[in-house]
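> Sharing coords.csv (CSV, C-alpha atoms) below.
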chain,number,residue,atom,x,y,z
A,1,MET,CA,-13.7,-24.0,-7.4
A,2,ARG,CA,-11.4,-21.5,-5.6
A,3,LYS,CA,-8.4,-23.8,-6.5
A,4,MET,CA,-9.4,-23.7,-10.1
A,5,ILE,CA,-9.6,-19.9,-10.1
A,6,ILE,CA,-6.2,-19.6,-8.5
A,7,ALA,CA,-4.7,-22.0,-11.0
A,8,ALA,CA,-6.2,-20.0,-13.9
A,9,LEU,CA,-4.9,-16.7,-12.6
A,10,ILE,CA,-1.4,-18.2,-12.1
A,11,LEU,CA,-1.4,-19.6,-15.6
A,12,ALA,CA,-2.5,-16.2,-17.0
A,13,SER,CA,0.2,-14.4,-15.0
A,14,SER,CA,3.0,-16.6,-16.4
A,15,HIS,CA,2.9,-14.7,-19.6
A,16,THR,CA,4.7,-11.4,-20.2
A,17,GLY,CA,1.3,-9.5,-20.5
A,18,ALA,CA,0.2,-10.2,-16.9
A,19,MET,CA,-2.7,-8.0,-15.7
A,20,ALA,CA,-2.3,-5.3,-13.1
A,21,TRP,CA,-4.6,-5.2,-10.1
A,22,GLY,CA,-7.2,-7.3,-11.9
A,23,PRO,CA,-10.6,-5.9,-12.8
A,24,VAL,CA,-11.6,-5.0,-9.3
A,25,GLY,CA,-8.5,-2.9,-8.6
A,26,HIS,CA,-8.6,-1.1,-11.9
A,27,ARG,CA,-12.3,-0.3,-11.5
A,28,MET,CA,-11.6,1.1,-8.1
A,29,ILE,CA,-8.9,3.4,-9.3
A,30,GLY,CA,-10.9,4.7,-12.2
A,31,GLU,CA,-14.1,5.1,-10.4
A,32,LEU,CA,-12.7,6.7,-7.2
A,33,ALA,CA,-10.6,9.1,-9.2
A,34,ALA,CA,-13.7,10.3,-11.1
A,35,LYS,CA,-15.7,10.6,-7.8
A,36,ASN,CA,-13.0,13.0,-6.6
A,37,PHE,CA,-12.5,15.2,-9.7
A,38,PRO,CA,-12.6,18.8,-8.6
A,39,SER,CA,-15.4,21.1,-9.7
A,40,GLN,CA,-13.4,22.7,-12.5
A,41,ILE,CA,-13.5,19.4,-14.4
A,42,PRO,CA,-16.4,19.5,-17.0
A,43,ALA,CA,-19.6,18.3,-15.4
A,44,PHE,CA,-20.1,15.5,-17.9
A,45,LEU,CA,-17.1,13.7,-16.4
A,46,ARG,CA,-18.4,14.1,-12.8
A,47,THR,CA,-21.8,12.4,-13.1
A,48,PRO,CA,-22.5,9.0,-11.5
A,49,GLN,CA,-22.8,7.5,-14.9
A,50,ALA,CA,-19.4,8.9,-16.0
A,51,GLN,CA,-17.8,7.6,-12.8
A,52,PHE,CA,-19.2,4.2,-13.5
A,53,GLU,CA,-18.0,4.3,-17.2
A,54,ILE,CA,-14.5,5.5,-16.3
A,55,GLY,CA,-14.2,2.6,-13.8
A,56,GLN,CA,-15.3,0.1,-16.4
A,57,LEU,CA,-13.1,1.6,-19.2
A,58,ALA,CA,-10.1,1.4,-16.9
A,59,ARG,CA,-10.4,-2.4,-17.2
A,60,GLU,CA,-10.5,-2.3,-20.9
A,61,PRO,CA,-6.8,-2.8,-21.9
A,62,ASP,CA,-6.7,-6.1,-20.0
A,63,ILE,CA,-10.1,-7.3,-21.2
A,64,SER,CA,-9.0,-6.6,-24.8
A,65,LYS,CA,-6.0,-9.0,-24.5
A,66,ASN,CA,-5.8,-12.2,-26.4
A,67,ALA,CA,-7.2,-10.5,-29.5
A,68,GLY,CA,-4.5,-12.0,-31.7
A,69,GLN,CA,-1.4,-10.7,-33.5
A,70,PRO,CA,-0.1,-8.1,-34.0
A,71,HIS,CA,-2.6,-6.6,-31.5
A,72,ASP,CA,-1.2,-8.4,-28.4
A,73,ALA,CA,2.5,-8.2,-29.2
A,74,ASP,CA,2.3,-4.5,-30.0
A,75,LEU,CA,0.1,-3.4,-27.0
A,76,ASP,CA,0.8,-5.7,-24.1
A,77,PRO,CA,4.3,-4.3,-23.4
A,78,GLY,CA,2.7,-0.9,-22.8
A,79,HIS,CA,1.5,-2.2,-19.3
A,80,TYR,CA,5.0,-2.3,-17.7
A,81,VAL,CA,8.6,-1.2,-17.7
A,82,ASN,CA,11.4,-3.5,-16.6
A,83,VAL,CA,13.6,-1.4,-14.4
A,84,SER,CA,16.7,-3.3,-13.3
A,85,ASP,CA,18.2,-3.1,-9.8
A,86,ASP,CA,20.7,-0.5,-11.1
A,87,GLY,CA,18.0,1.9,-12.2
A,88,THR,CA,18.4,1.2,-15.9
A,89,ILE,CA,15.9,-0.3,-18.3
A,90,ARG,CA,17.5,-3.7,-18.7
A,91,GLY,CA,21.0,-2.3,-18.9
A,92,GLY,CA,19.9,0.4,-21.4
A,93,PRO,CA,18.7,4.0,-20.7
A,94,LYS,CA,18.2,5.0,-17.1
A,95,LEU,CA,14.8,5.5,-15.8
A,96,SER,CA,15.9,9.0,-14.7
A,97,ASP,CA,17.0,9.8,-18.3
A,98,LEU,CA,14.5,8.3,-20.7
A,99,PRO,CA,14.8,9.2,-24.4
A,100,PRO,CA,12.1,11.7,-25.5
A,101,THR,CA,10.3,9.3,-27.9
A,102,ARG,CA,9.5,5.6,-28.1
A,103,ARG,CA,11.6,5.4,-31.3
A,104,ASP,CA,14.6,6.8,-29.5
A,105,TYR,CA,13.9,4.5,-26.5
A,106,ASP,CA,13.7,1.5,-28.8
A,107,THR,CA,17.0,2.5,-30.5
A,108,ALA,CA,18.8,2.8,-27.2
A,109,LEU,CA,17.5,-0.6,-26.0
A,110,ARG,CA,18.5,-2.3,-29.2
A,111,ALA,CA,22.0,-1.0,-28.7
A,112,VAL,CA,22.2,-3.2,-25.6
A,113,GLY,CA,20.6,-6.3,-27.1
A,114,THR,CA,16.9,-5.8,-26.2
A,115,ASN,CA,14.0,-3.7,-27.4
A,116,GLN,CA,10.9,-1.9,-26.2
A,117,TYR,CA,8.7,-4.9,-26.6
A,118,ALA,CA,10.9,-7.0,-24.2
A,119,ALA,CA,11.5,-4.1,-21.7
A,120,GLY,CA,8.1,-2.6,-21.8
A,121,TYR,CA,7.2,1.0,-22.7
A,122,LEU,CA,4.8,2.0,-19.9
A,123,PRO,CA,6.3,5.5,-19.5
A,124,TYR,CA,5.4,6.4,-23.0
A,125,ASN,CA,1.8,5.3,-22.6
A,126,LEU,CA,1.5,7.6,-19.6
A,127,ILE,CA,3.0,10.6,-21.4
A,128,GLY,CA,1.2,10.0,-24.7
A,129,GLY,CA,-2.2,9.4,-23.0
A,130,TYR,CA,-1.8,12.6,-21.0
A,131,GLN,CA,-1.0,14.6,-24.1
A,132,GLN,CA,-4.0,13.1,-25.9
A,133,LEU,CA,-6.2,14.1,-23.0
A,134,VAL,CA,-4.9,17.7,-23.1
A,135,LYS,CA,-5.9,17.9,-26.8
A,136,ASP,CA,-9.3,16.3,-26.1
A,137,PHE,CA,-10.0,18.9,-23.5
A,138,ALA,CA,-8.7,21.7,-25.8
A,139,ILE,CA,-11.1,20.6,-28.6
A,140,LEU,CA,-13.9,20.4,-26.1
A,141,ARG,CA,-13.2,23.9,-25.0
A,142,MET,CA,-13.4,25.0,-28.7
A,143,THR,CA,-16.8,23.5,-29.1
A,144,LEU,CA,-18.0,25.2,-26.0
A,145,ALA,CA,-16.6,28.5,-27.2
A,146,ALA,CA,-18.5,28.0,-30.5
A,147,GLY,CA,-21.7,27.8,-28.7
A,148,LYS,CA,-20.9,30.8,-26.5
A,149,TYR,CA,-20.0,33.1,-29.4
A,150,ALA,CA,-22.5,31.7,-32.0
A,151,LYS,CA,-24.3,35.0,-32.2
A,152,THR,CA,-21.1,37.0,-32.3
A,153,PHE,CA,-20.0,35.2,-35.4
A,154,SER,CA,-23.5,35.1,-36.9
A,155,MET,CA,-23.5,31.4,-37.2
A,156,THR,CA,-26.3,29.7,-39.1
A,157,VAL,CA,-28.7,27.3,-37.5
A,158,ALA,CA,-26.9,24.5,-39.3
A,159,GLU,CA,-23.5,25.7,-38.1
A,160,ARG,CA,-24.7,25.8,-34.5
A,161,ARG,CA,-26.2,22.3,-34.8
A,162,ARG,CA,-22.9,21.0,-36.2
A,163,PHE,CA,-20.9,22.4,-33.2
A,164,ASP,CA,-23.5,21.0,-30.8
A,165,ARG,CA,-23.1,17.5,-32.4
A,166,GLU,CA,-19.3,17.9,-32.3
A,167,ARG,CA,-19.4,18.7,-28.6
A,168,ASN,CA,-21.4,15.6,-27.9
A,169,LEU,CA,-18.9,13.6,-29.9
A,170,ARG,CA,-15.9,15.2,-28.1
A,171,GLU,CA,-17.5,14.3,-24.7
A,172,MET,CA,-17.7,10.6,-25.7
A,173,LEU,CA,-14.2,10.6,-27.1
A,174,THR,CA,-12.8,12.4,-24.1
A,175,LEU,CA,-14.4,9.9,-21.7
A,176,ARG,CA,-13.2,7.0,-23.8
A,177,ASP,CA,-9.6,8.3,-24.0
A,178,LEU,CA,-9.5,9.1,-20.3
A,179,GLY,CA,-10.9,5.7,-19.3
A,180,TRP,CA,-8.5,3.7,-21.4
A,181,TRP,CA,-5.5,5.7,-20.2
A,182,ALA,CA,-6.7,5.3,-16.6
A,183,HIS,CA,-5.6,1.7,-16.9
A,184,PHE,CA,-2.0,2.6,-17.4
A,185,VAL,CA,-2.0,5.2,-14.6
A,186,GLY,CA,-3.3,2.4,-12.4
A,187,ASP,CA,-0.7,-0.1,-13.6
A,188,THR,CA,2.1,2.3,-12.6
A,189,ALA,CA,1.0,2.2,-8.9
A,190,ASN,CA,1.8,-1.5,-8.8
A,191,PRO,CA,5.5,-2.0,-8.0
A,192,MET,CA,5.5,-5.2,-10.0
A,193,HIS,CA,4.9,-3.2,-13.2
A,194,ALA,CA,8.1,-1.2,-12.7
A,195,THR,CA,10.7,-3.9,-12.3
A,196,ILE,CA,12.4,-6.8,-13.9
A,197,HIS,CA,11.2,-8.8,-10.9
A,198,HIS,CA,7.6,-8.7,-12.1
A,199,ASN,CA,6.4,-12.2,-11.4
A,200,GLY,CA,8.7,-13.9,-8.9
A,201,TRP,CA,12.2,-12.5,-8.3
A,202,GLY,CA,13.6,-14.1,-11.5
A,203,ASP,CA,16.5,-12.1,-13.0
A,204,GLY,CA,19.6,-11.1,-11.1
A,205,PRO,CA,21.1,-11.8,-7.6
A,206,ASN,CA,18.6,-12.9,-5.0
A,207,PRO,CA,20.5,-12.7,-1.6
A,208,GLN,CA,17.3,-12.4,0.4
A,209,GLY,CA,15.8,-15.6,-1.1
A,210,PHE,CA,12.7,-14.1,-2.4
A,211,THR,CA,10.2,-16.3,-4.2
A,212,THR,CA,10.9,-17.1,-7.8
A,213,ALA,CA,7.4,-18.7,-8.3
A,214,ARG,CA,5.3,-17.7,-11.2
A,215,GLY,CA,2.0,-16.5,-10.0
A,216,THR,CA,3.4,-14.1,-7.5
A,217,HIS,CA,2.1,-11.2,-9.6
A,218,ALA,CA,-1.5,-12.4,-9.6
A,219,LYS,CA,-1.4,-13.3,-6.0
A,220,PHE,CA,-0.4,-9.8,-5.0
A,221,GLU,CA,-2.6,-7.7,-7.3
A,222,GLU,CA,-5.7,-9.7,-7.8
A,223,LEU,CA,-6.3,-12.5,-5.2
A,224,PHE,CA,-5.2,-10.2,-2.3
A,225,VAL,CA,-7.2,-7.2,-3.5
A,226,ASN,CA,-10.4,-9.3,-4.2
A,227,ALA,CA,-10.2,-10.9,-0.7
A,228,ASN,CA,-9.2,-8.0,1.5
A,229,VAL,CA,-9.7,-4.6,-0.1
A,230,THR,CA,-13.0,-2.6,-0.5
A,231,ASP,CA,-13.7,0.7,-2.2
A,232,ALA,CA,-14.2,2.3,1.2
A,233,ASP,CA,-10.7,1.3,2.2
A,234,VAL,CA,-9.2,2.9,-0.8
A,235,ALA,CA,-11.4,6.0,-0.8
A,236,ALA,CA,-10.3,6.7,2.8
A,237,ARG,CA,-6.6,6.8,1.8
A,238,LEU,CA,-6.8,9.2,-1.2
A,239,ARG,CA,-4.5,12.1,-0.6
A,240,PRO,CA,-5.2,15.7,-1.3
A,241,TYR,CA,-4.5,17.1,-4.8
A,242,ARG,CA,-0.7,17.6,-5.4
A,243,ALA,CA,0.4,19.9,-8.2
A,244,CYS,CA,3.6,18.9,-9.8
A,245,ALA,CA,4.6,22.2,-11.5
A,246,CYS,CA,6.7,20.1,-13.8
A,247,THR,CA,6.6,18.4,-17.2
A,248,ILE,CA,4.6,15.3,-17.8
A,249,ALA,CA,7.9,13.5,-18.5
A,250,GLN,CA,9.2,14.5,-15.1
A,251,ARG,CA,5.9,13.5,-13.4
A,252,THR,CA,6.0,10.2,-15.1
A,253,HIS,CA,9.5,9.5,-14.0
A,254,ASP,CA,8.7,10.4,-10.4
A,255,TYR,CA,5.6,8.2,-10.3
A,256,ILE,CA,7.3,5.2,-11.7
A,257,ALA,CA,10.4,5.7,-9.5
A,258,ALA,CA,8.2,5.8,-6.4
A,259,SER,CA,6.6,2.5,-7.3
A,260,TRP,CA,10.0,0.9,-8.2
A,261,ALA,CA,11.3,1.9,-4.8
A,262,LEU,CA,8.6,-0.4,-3.3
A,263,VAL,CA,9.6,-3.6,-5.0
A,264,LEU,CA,11.6,-4.8,-2.0
A,265,PRO,CA,8.8,-4.2,0.5
A,266,THR,CA,6.4,-6.0,-1.9
A,267,TYR,CA,8.6,-9.1,-1.9
A,268,GLU,CA,9.2,-8.9,1.9
A,269,PHE,CA,5.5,-9.0,2.5
A,270,GLU,CA,5.3,-12.1,0.2
A,271,LYS,CA,8.2,-13.8,1.9
A,272,SER,CA,6.6,-13.3,5.4
A,273,GLY,CA,3.4,-14.8,4.2
A,274,ALA,CA,1.5,-11.5,4.5
A,275,ILE,CA,0.2,-11.7,0.9
A,276,ASP,CA,-1.2,-15.2,1.4
A,277,GLN,CA,-2.7,-14.2,4.7
A,278,ALA,CA,-3.3,-10.5,5.1
A,279,THR,CA,-1.9,-8.6,8.0
A,280,PRO,CA,-2.8,-5.0,8.9
A,281,GLU,CA,0.5,-3.9,7.5
A,282,SER,CA,0.2,-5.7,4.2
A,283,LYS,CA,-3.4,-4.6,3.7
A,284,ALA,CA,-2.4,-1.0,4.4
A,285,PHE,CA,0.4,-1.3,1.9
A,286,VAL,CA,-1.8,-2.5,-1.0
A,287,VAL,CA,-4.6,0.0,-0.1
A,288,GLU,CA,-2.0,2.8,-0.3
A,289,ARG,CA,-0.9,1.7,-3.7
A,290,LEU,CA,-4.4,1.6,-5.1
A,291,ALA,CA,-5.2,5.0,-3.4
A,292,GLU,CA,-2.1,6.4,-5.0
A,293,GLY,CA,-3.2,5.2,-8.4
A,294,ALA,CA,-6.6,6.9,-8.0
A,295,SER,CA,-4.9,10.1,-6.6
A,296,GLN,CA,-2.5,10.3,-9.5
A,297,LEU,CA,-5.3,9.8,-12.0
A,298,ARG,CA,-7.3,12.6,-10.4
A,299,ASP,CA,-4.3,14.9,-10.3
A,300,LEU,CA,-3.3,14.2,-13.9
A,301,VAL,CA,-6.8,14.8,-15.2
A,302,THR,CA,-6.9,18.1,-13.3
A,303,ASP,CA,-3.5,19.1,-14.7
A,304,ALA,CA,-4.6,18.1,-18.2
A,305,TRP,CA,-7.7,20.3,-18.0
A,306,GLN,CA,-5.7,23.3,-16.8
A,307,GLU,CA,-3.0,22.8,-19.5
A,308,SER,CA,-5.6,22.5,-22.2
A,309,ALA,CA,-6.5,26.2,-21.7
A,310,LYS,CA,-2.9,27.1,-23.0
A,311,SER,CA,-3.1,24.8,-26.0
A,312,THR,CA,-3.1,25.5,-29.7
A,313,LEU,CA,-5.4,23.8,-32.1
A,314,GLY,CA,-5.3,23.5,-35.9
A,315,TYR,CA,-2.8,22.5,-38.5
A,316,ARG,CA,-2.9,24.9,-41.4
A,317,ASN,CA,-4.6,27.8,-39.5
A,318,PRO,CA,-3.6,27.3,-35.8
A,319,MET,CA,-5.5,29.1,-33.1
A,320,THR,CA,-4.9,29.3,-29.4
A,321,VAL,CA,-7.6,28.0,-27.1
A,322,ALA,CA,-7.3,31.4,-25.3
A,323,ASP,CA,-8.3,33.2,-28.4
A,324,LEU,CA,-11.2,30.8,-29.1
A,325,GLU,CA,-12.5,31.1,-25.5
A,326,SER,CA,-12.3,34.9,-25.6
A,327,GLY,CA,-14.1,35.2,-28.9
A,328,LYS,CA,-11.1,36.6,-30.7
A,329,ALA,CA,-10.9,33.6,-33.1
A,330,ASP,CA,-13.7,32.1,-35.2
A,331,PRO,CA,-13.9,28.3,-34.7
A,332,ARG,CA,-15.3,27.8,-38.2
A,333,GLU,CA,-11.9,28.8,-39.5
A,334,LEU,CA,-10.0,26.1,-37.6
A,335,ASN,CA,-8.3,23.5,-39.8
Before we go any further, please render this structure as structure tokens.

Amino acid sequence: MRKMIIAALILASSHTGAMAWGPVGHRMIGELAAKNFPSQIPAFLRTPQAQFEIGQLAREPDISKNAGQPHDADLDPGHYVNVSDDGTIRGGPKLSDLPPTRRDYDTALRAVGTNQYAAGYLPYNLIGGYQQLVKDFAILRMTLAAGKYAKTFSMTVAERRRFDRERNLREMLTLRDLGWWAHFVGDTANPMHATIHHNGWGDGPNPQGFTTARGTHAKFEELFVNANVTDADVAARLRPYRACACTIAQRTHDYIAASWALVLPTYEFEKSGAIDQATPESKAFVVERLAEGASQLRDLVTDAWQESAKSTLGYRNPMTVADLESGKADPRELN
């Protein structure tokens, strides 16, 4: 039976949309991050039920694969970015100087004979997901302010009820958006999701004779994790909160670059046999990567909540969250 499972995983990982960490690793990252959210994060995201749900939702982008076309072709490349040995994305833009939008990114890649679907667009999933969470939190803040200042603005019973219902809706949507995005934050912690050498060394010179076998990806991220790593192992390695004091674009670059720098150690462990048979060193390496995924998710959610207080909401009649939370702006006029 185990041979059949291994064969199935290797077959699955031979496609460009290989999974990262597998369901166990992604659940760990989502759930452990949620268990370590600071007290400033809204309480509905810190309950045992929310922790479970974020862990489950963090698996969703992989579980949703094989839905058909165009679903898979459009979404699967969002799980990775193929950074070459020279630090460029397949000979196109540098990881350190990514274009501001996916459209610009795709244009730059097409200029060198490739595109975002071949090279992967993980950085833009990280940035876009963060920006969405900031807005989710901002809208949630608005609904809370509506309840706080209902009497100030002489709201009717029907208006109060509408804002209560909207708050419940925003909580569900925020949890869903956070959980889905958690998957890509977790993907980024895996060095094989930040390199052209994503499943066996493959492209480019291979002077150290690293494996070129398909199935290396699944062996590292799923078989090893399932056999050797527990939640307690990862929880013990979460680092303290680290503020970036930078843009989300810069934080995304730094996170991906740190994973990319660990591609060689990953293949060195595989070459020595320490992925087939865990050693203390290889286990510590994988545990640290999972812990960094959970730590990054916790930090990014914390930063998104803080940034949401400085947001602006509305299209035709924009309002600052600060004005809404101080009672200076009437949320009924937001549109």
> Which polymer residues have any atom within 6 Å of an atom of region 114-131 of chain A, counting all atoms listed in the file, with same-chain residues fewer than 6 positions away left out, as a list in words?
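Surrounding residues, per the criterion: Pro77, Gly78, His79, Tyr80, Val81, Asn82, Asp106 and Trp181 of chain A.
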> I need the residue nearest Leu95 (chain A) from this list: A:Ser64, A:Asn335, A:Thr266, A:Thr252. Use all atoms listed in the file for the distance.
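Once distances to Leu95 (chain A) are computed over all atoms listed in the file, the minimum belongs to A:Thr252.
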> Pick from A:Ala278, A:Ile139, A:Val24, A:Leu98: nearest to Ala309 (chain A), with all atoms listed in the file counted?
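Nearest candidate to Ala309 (chain A) out of A:Ala278, A:Ile139, A:Val24, A:Leu98: A:Ile139.
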> I'd like the contact shell of Phe153 (chain A) - 9 Å cut-off, only C-alpha atoms, skipping same-chain residues fewer than 6 positions apart - returned as a ChimeraX atom specification.
/A:146,327,330
> Just how far from CA of His253 (chain A) is CA of Arg90 (chain A), in Å to one decimal?
16.1 Å
> May I have the residues within 10 Å of Glu53 (chain A) as number ranges by chain, using only C-alpha atoms and disregarding those fewer than 6 positions away in the same chain?
A: 27, 30-31, 34, 45, 47, 175-176, 179
> Take the residues just selected and output them with C-alpha atoms as a PDB file, in the coordinates of the input.

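What landed in out_24.pdb:
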ATOM      1  CA  ARG A  27     -12.300  -0.300 -11.500  1.00  0.00           C
ATOM      2  CA  GLY A  30     -10.900   4.700 -12.200  1.00  0.00           C
ATOM      3  CA  GLU A  31     -14.100   5.100 -10.400  1.00  0.00           C
ATOM      4  CA  ALA A  34     -13.700  10.300 -11.100  1.00  0.00           C
ATOM      5  CA  LEU A  45     -17.100  13.700 -16.400  1.00  0.00           C
ATOM      6  CA  THR A  47     -21.800  12.400 -13.100  1.00  0.00           C
ATOM      7  CA  LEU A 175     -14.400   9.900 -21.700  1.00  0.00           C
ATOM      8  CA  ARG A 176     -13.200   7.000 -23.800  1.00  0.00           C
ATOM      9  CA  GLY A 179     -10.900   5.700 -19.300  1.00  0.00           C
TER      10      GLY A 179
END
> In terms of the shortest atom-to-atom distance over only C-alpha atoms, which of A:Ala150, A:Phe210, A:Gly91, A:Ala257 is closest to Arg162 (chain A)?
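For Arg162 (chain A), the nearest of the given residues is A:Ala150.
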> Could you work out how far CA of Glu221 (chain A) lies from CA of Gly204 (chain A), giving the answer in Å with one decimal?
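The value is 22.8 Å.
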> In terms of the shortest atom-to-atom distance over all atoms listed in the file, which of A:Pro207, A:Ala108, A:Glu307, A:Gly215 is closest to Thr247 (chain A)?
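Counting all atoms listed in the file, the residue closest to Thr247 (chain A) is A:Glu307.
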> Kindly indicate which residue among A:Val234, A:Val83, A:Leu173, A:Ala158 lies nearest to Asp136 (chain A), using all atoms listed in the file for the distances.
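Closest residue, counting all atoms listed in the file: A:Leu173.
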> Starting from the incomplete input, reconstruct N, CA and C atoms of region 51-69 of chain A and write that as a compact mmCIF listing (two decimals), keeping the file's coordinate frame.

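So part.txt came out as:
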# COMPACT_ATOMS: atom_id res chain seq x y z
N GLN A 51 -18.69 8.31 -13.75
CA GLN A 51 -17.80 7.60 -12.80
C GLN A 51 -17.86 6.13 -13.00
N PHE A 52 -19.04 5.60 -13.22
CA PHE A 52 -19.20 4.20 -13.50
C PHE A 52 -18.43 3.82 -14.82
N GLU A 53 -18.61 4.63 -15.85
CA GLU A 53 -18.00 4.30 -17.20
C GLU A 53 -16.49 4.41 -17.12
N ILE A 54 -15.94 5.38 -16.41
CA ILE A 54 -14.50 5.50 -16.30
C ILE A 54 -13.93 4.27 -15.57
N GLY A 55 -14.64 3.83 -14.52
CA GLY A 55 -14.20 2.60 -13.80
C GLY A 55 -14.24 1.40 -14.71
N GLN A 56 -15.26 1.28 -15.54
CA GLN A 56 -15.30 0.10 -16.40
C GLN A 56 -14.30 0.22 -17.54
N LEU A 57 -14.11 1.41 -18.10
CA LEU A 57 -13.10 1.60 -19.20
C LEU A 57 -11.71 1.35 -18.69
N ALA A 58 -11.46 1.61 -17.41
CA ALA A 58 -10.10 1.40 -16.90
C ALA A 58 -9.73 -0.07 -16.89
N ARG A 59 -10.69 -0.96 -17.05
CA ARG A 59 -10.40 -2.40 -17.20
C ARG A 59 -10.13 -2.82 -18.59
N GLU A 60 -10.45 -1.96 -19.54
CA GLU A 60 -10.50 -2.30 -20.90
C GLU A 60 -9.21 -2.87 -21.53
N PRO A 61 -8.05 -2.26 -21.28
CA PRO A 61 -6.80 -2.80 -21.90
C PRO A 61 -6.49 -4.21 -21.50
N ASP A 62 -6.92 -4.65 -20.32
CA ASP A 62 -6.70 -6.10 -20.00
C ASP A 62 -7.80 -6.94 -20.61
N ILE A 63 -9.04 -6.48 -20.61
CA ILE A 63 -10.10 -7.30 -21.20
C ILE A 63 -9.89 -7.48 -22.68
N SER A 64 -9.21 -6.52 -23.33
CA SER A 64 -9.00 -6.60 -24.80
C SER A 64 -7.81 -7.49 -25.15
N LYS A 65 -7.13 -8.06 -24.17
CA LYS A 65 -6.00 -9.00 -24.50
C LYS A 65 -6.48 -10.23 -25.16
N ASN A 66 -5.52 -10.94 -25.72
CA ASN A 66 -5.80 -12.20 -26.40
C ASN A 66 -6.67 -11.94 -27.68
N ALA A 67 -6.46 -10.78 -28.32
CA ALA A 67 -7.20 -10.50 -29.50
C ALA A 67 -6.50 -11.06 -30.76
N GLY A 68 -5.24 -11.48 -30.61
CA GLY A 68 -4.50 -12.00 -31.70
C GLY A 68 -3.28 -11.13 -32.03
N GLN A 69 -2.57 -11.50 -33.09
CA GLN A 69 -1.40 -10.70 -33.50
C GLN A 69 -1.67 -9.93 -34.74
